[in-house]
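Undergrad: Before I ask anything, here is the structure I am working with.
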Amino acid sequence: MSLTQIQTLTVFVDDQERARSFYVGVLGFEVRADVTMGDNRWLEVAPPGAATAIVLHRPFPGATAGSSAGTILASSDLDADVARLRSAGVTVVGPDELPWGRQATFTDPDGNGYVLSAAV
């Protein structure tokens, strides 16, 4: 195998425009691609400088928006990021001190779950 990295992760959302507003406006991600191809829209976002991006896509047949959980986002200032999320109206659990480090959790408007982890 010659695999070298994870390029993109797909997160299913019901409303791509609402998701774009959340990921860009609240999380501070940048839009890497926003292309409509027929009935499909490829909306790719990522933290500035990140190698891996998230594709915010309408659910494929048999999939459900809000079904993603456990994606870990590294933060260089966990307390400031938690405060920013809360000030934007996002419900955040934590931060908590855990044996492996500090982390907090939140969901996007569709219910996709994320772990915000203090960068090591």
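Residues are named by chain letter and number: chains run A, B, ... in the order of the structure tokens, numbers start at 1 in each chain, and ligands are numbered from 1 in the order shown.
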Please produce, as a Markdown table, a per-residue contact table for stretch 12-57 of chain A versus stretch 98-118 of chain A (criterion: any atom at most 12 Å away, only C-alpha atoms considered), showing the nearest atom pair and its distance in Å to one decimal, sorted by chain then residue number.
TA:
```
| residue | atom | partner | partner_atom | distance |
| --- | --- | --- | --- | --- |
| A:Phe12 | CA | A:Asn112 | CA | 8.0 |
| A:Val13 | CA | A:Asp110 | CA | 5.9 |
| A:Asp14 | CA | A:Asp110 | CA | 6.9 |
| A:Asp15 | CA | A:Asp110 | CA | 8.3 |
| A:Gln16 | CA | A:Asp110 | CA | 10.1 |
| A:Glu17 | CA | A:Pro109 | CA | 11.2 |
| A:Arg18 | CA | A:Pro109 | CA | 7.8 |
| A:Ala19 | CA | A:Pro109 | CA | 7.0 |
| A:Arg20 | CA | A:Pro109 | CA | 10.5 |
| A:Ser21 | CA | A:Pro109 | CA | 10.1 |
| A:Phe22 | CA | A:Asp108 | CA | 7.3 |
| A:Tyr23 | CA | A:Asp108 | CA | 8.2 |
| A:Val24 | CA | A:Asp108 | CA | 11.8 |
| A:Val26 | CA | A:Asp108 | CA | 9.9 |
| A:Leu27 | CA | A:Asp108 | CA | 9.7 |
| A:Leu56 | CA | A:Asp110 | CA | 10.8 |
| A:His57 | CA | A:Asp110 | CA | 11.6 |
```
Undergrad: DSSP on the backbone: what in chain A comes out strand (DSSP E), as a count of residues only?
TA: 50
Undergrad: Taking only chain A into account, list the residues labelled helix (DSSP H, G or I) by DSSP (computed from the backbone), as a PDB file with C-alpha atoms, in the first residue's frame.
TA:
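See part-v5.pdb below for the written result:
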```pdb
ATOM      1  CA  GLN A  16     -25.003  22.812   3.383  1.00  0.00           C
ATOM      2  CA  GLU A  17     -25.349  26.591   3.620  1.00  0.00           C
ATOM      3  CA  ARG A  18     -26.115  26.435   7.344  1.00  0.00           C
ATOM      4  CA  ALA A  19     -23.171  24.059   7.794  1.00  0.00           C
ATOM      5  CA  ARG A  20     -20.886  26.389   5.838  1.00  0.00           C
ATOM      6  CA  SER A  21     -21.896  29.287   8.100  1.00  0.00           C
ATOM      7  CA  PHE A  22     -21.128  27.218  11.212  1.00  0.00           C
ATOM      8  CA  TYR A  23     -17.814  25.746  10.089  1.00  0.00           C
ATOM      9  CA  VAL A  24     -16.511  29.010   8.617  1.00  0.00           C
ATOM     10  CA  GLY A  25     -18.150  31.591  10.869  1.00  0.00           C
ATOM     11  CA  VAL A  26     -18.025  29.767  14.215  1.00  0.00           C
ATOM     12  CA  LEU A  78      -8.640  25.040  24.377  1.00  0.00           C
ATOM     13  CA  ASP A  79     -10.090  27.492  26.907  1.00  0.00           C
ATOM     14  CA  ALA A  80     -10.330  30.318  24.363  1.00  0.00           C
ATOM     15  CA  ASP A  81     -11.915  28.020  21.779  1.00  0.00           C
ATOM     16  CA  VAL A  82     -14.469  26.737  24.295  1.00  0.00           C
ATOM     17  CA  ALA A  83     -15.308  30.341  25.244  1.00  0.00           C
ATOM     18  CA  ARG A  84     -15.655  31.285  21.560  1.00  0.00           C
ATOM     19  CA  LEU A  85     -17.992  28.360  20.879  1.00  0.00           C
ATOM     20  CA  ARG A  86     -20.127  29.158  23.911  1.00  0.00           C
ATOM     21  CA  SER A  87     -20.354  32.831  22.952  1.00  0.00           C
TER      22      SER A  87
END
```
Undergrad: Find the spatial neighbours of stretch 31-37 of chain A, counting only C-alpha atoms, within a cut-off of 9 Å - ignore same-chain residues fewer than 5 positions away - and output them as a ChimeraX atom specification.
TA: /A:20,23-24,42-47,53,55
Undergrad: Quick check, in Å to one decimal: how far apart do atom CA of A:Ala63 and atom CA of A:Gly89 lie?
TA: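 Here the two named atoms are 27.3 Å from each other.
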Undergrad: Atom CA of A:Arg41 and atom CA of A:Ala65 are how many Å apart?
TA: 15.0 Å
Undergrad: Would you please work out which residue, of A:Ala119, A:Val90, A:Asp96, A:Arg58, is nearest to A:Thr10 when using only C-alpha atoms?
TA: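 Residue with the minimum atom-to-atom distance to A:Thr10: A:Arg58.
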Undergrad: I need the residue nearest A:Ala50 from this list: A:Leu73, A:Met1, A:Val92, A:Val11. Use only C-alpha atoms for the distance.
TA: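 Nearest to A:Ala50: A:Leu73.
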